[in-house]
Every structure is written in C-alpha cells, then in structure tokens.
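Structure record follows, encoded as structure tokens.
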Amino acid sequence: MDTNQVILFCEGLAISLWLGGILTKYLVLYLRKKHGFQMPYNRSTSLLGYLERFAFTMSILFDKSAFIGIWLGVKFIGRWSPEGFHVENAADTKKAPAAINIFLIGNLLSLLFAALGAYVIKGFKL
C-alpha cells in the first residue's frame with residue numbers, strides 16, 4: 001500500500017465517518033425538533049451511526065453490499081410492532097409518518113456518506 005492509497009483511505013473514512021456523522025446528526029436533530037419530537041441527543045444512537053457508516057463503507061469496498069440490505073431490514077424489523085412503526089412519542093400516532101420519514105432520511109444520508117467515502121477510497125473509480 002503506497003502513501004497515496006493510505007491518504008485516500010483516510011480521506012474516505014473521514015468523509016464517511018466524521019463528515020457523515022456530523023451532517024446526519026444535525027439534520028436528524030433539526031427534523032425531530034421541527035416535528036415536535038422531544039428526544040434528547042442519544043450518544044449510543046450516534047455511536048451506532050458511526051459503526052453503521054464504517055460497516056457500509058467496508059461492505060461497499062469489498063463488494064459485499066448485500067450486508068447493507070440485510071442490516072437495514074433488521075433495523076426496520078426492530079422498529080416494527082403490531083401497532084405499527086415505533087414512534088418516540090408513542091401517544092401521538094399522528095407523528096408516525098414524520099418519524100418514519102426522519103428514520104429513512106437518517107439511514108439514507110448515512111448510506112450516501114458511506115458510498116461517498118468508499119468512492120474516495122477507491123480513488124474516484126466506480
């Protein structure tokens with residue numbers, strides 16, 4: 001591995017983990033506040049996001065993208081209940097569509113940053 005590859009690897013991980021983490025966190029927090037969710041910042045959720053972006057980036061790099069679909073499926077099953085999609089403010093079912101959309105936006109943004117990081121690590125080659 002030469003110096004250029006190491007630099008690209010570090011840049012790609014920085015985009016995926018650091019930049020993706022910051023932008024995803026603040027967009028999701030903004031959307032939660034806008035729709036009236038009273039969820040405080042949760043450090044474990046943020047850590048999971050960083051781990052997901054790392055795993056997504058590595059799965060894209062090693063052409064194991066099926067992992068992404070399986071993981072997202074597990075996340076959605078974990079949020080599902082007989083009453084419907086798990087909402088932070090369970091008493092207010094009118095917020096369920098907003099909660100689902102925020103959940104989807106956060107996951108999609110994490111996936112996009114992971115793909116961008118993998119693209120940079122590959123040296124801008126598709």
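Identifiers for the structure tokens are assigned positionally: chains receive A, B, ... in sequence, residues are indexed from 1 per chain, and ligands are indexed from 1 in the order shown.
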* **strand (DSSP E or B) residues, from DSSP on the backbone, in chain A, as an MDAnalysis selection string** => chainID A and resid 80:81 84:85
Would you save the residues from that selection as a PDB file, in the first residue's frame, using C-alpha atoms?
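What ended up in selection.pdb:
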```
ATOM      1  CA  TRP A  80     -41.884  -2.545  13.863  1.00  0.00           C
ATOM      2  CA  SER A  81     -44.555  -3.633  16.313  1.00  0.00           C
ATOM      3  CA  GLY A  84     -47.121  -0.149  13.541  1.00  0.00           C
ATOM      4  CA  PHE A  85     -43.801   1.656  13.289  1.00  0.00           C
TER       5      PHE A  85
END
```
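The environment of A:Ser46 within 10 Å, counting only C-alpha atoms and disregarding residues fewer than 4 places along the same chain, consists of Gly21, Ile22, Thr24, Lys25, Tyr41, Asn42, Tyr50, Leu51 and Glu52 of chain A.
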Write to file, as a compact mmCIF listing (two decimals), in the first residue's frame, the residues of the selection just made, with C-alpha atoms.
```txt
# COMPACT_ATOMS: atom_id res chain seq x y z
CA GLY A 21 -21.73 11.72 11.30
CA ILE A 22 -21.90 15.46 11.86
CA THR A 24 -26.55 13.32 9.65
CA LYS A 25 -26.74 14.08 13.37
CA TYR A 41 -29.34 13.62 21.89
CA ASN A 42 -28.51 9.96 22.46
CA TYR A 50 -20.69 5.75 13.12
CA LEU A 51 -20.44 1.96 13.23
CA GLU A 52 -23.06 1.62 10.51
```
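When only C-alpha atoms are used to compute distances to A:Gly117, the closest of the residues A:Arg43, A:Asp2, A:Arg53, A:Tyr30 turns out to be A:Arg53.
Atom CA of A:Leu116 is positioned 17.7 Å from atom CA of A:Asn4.
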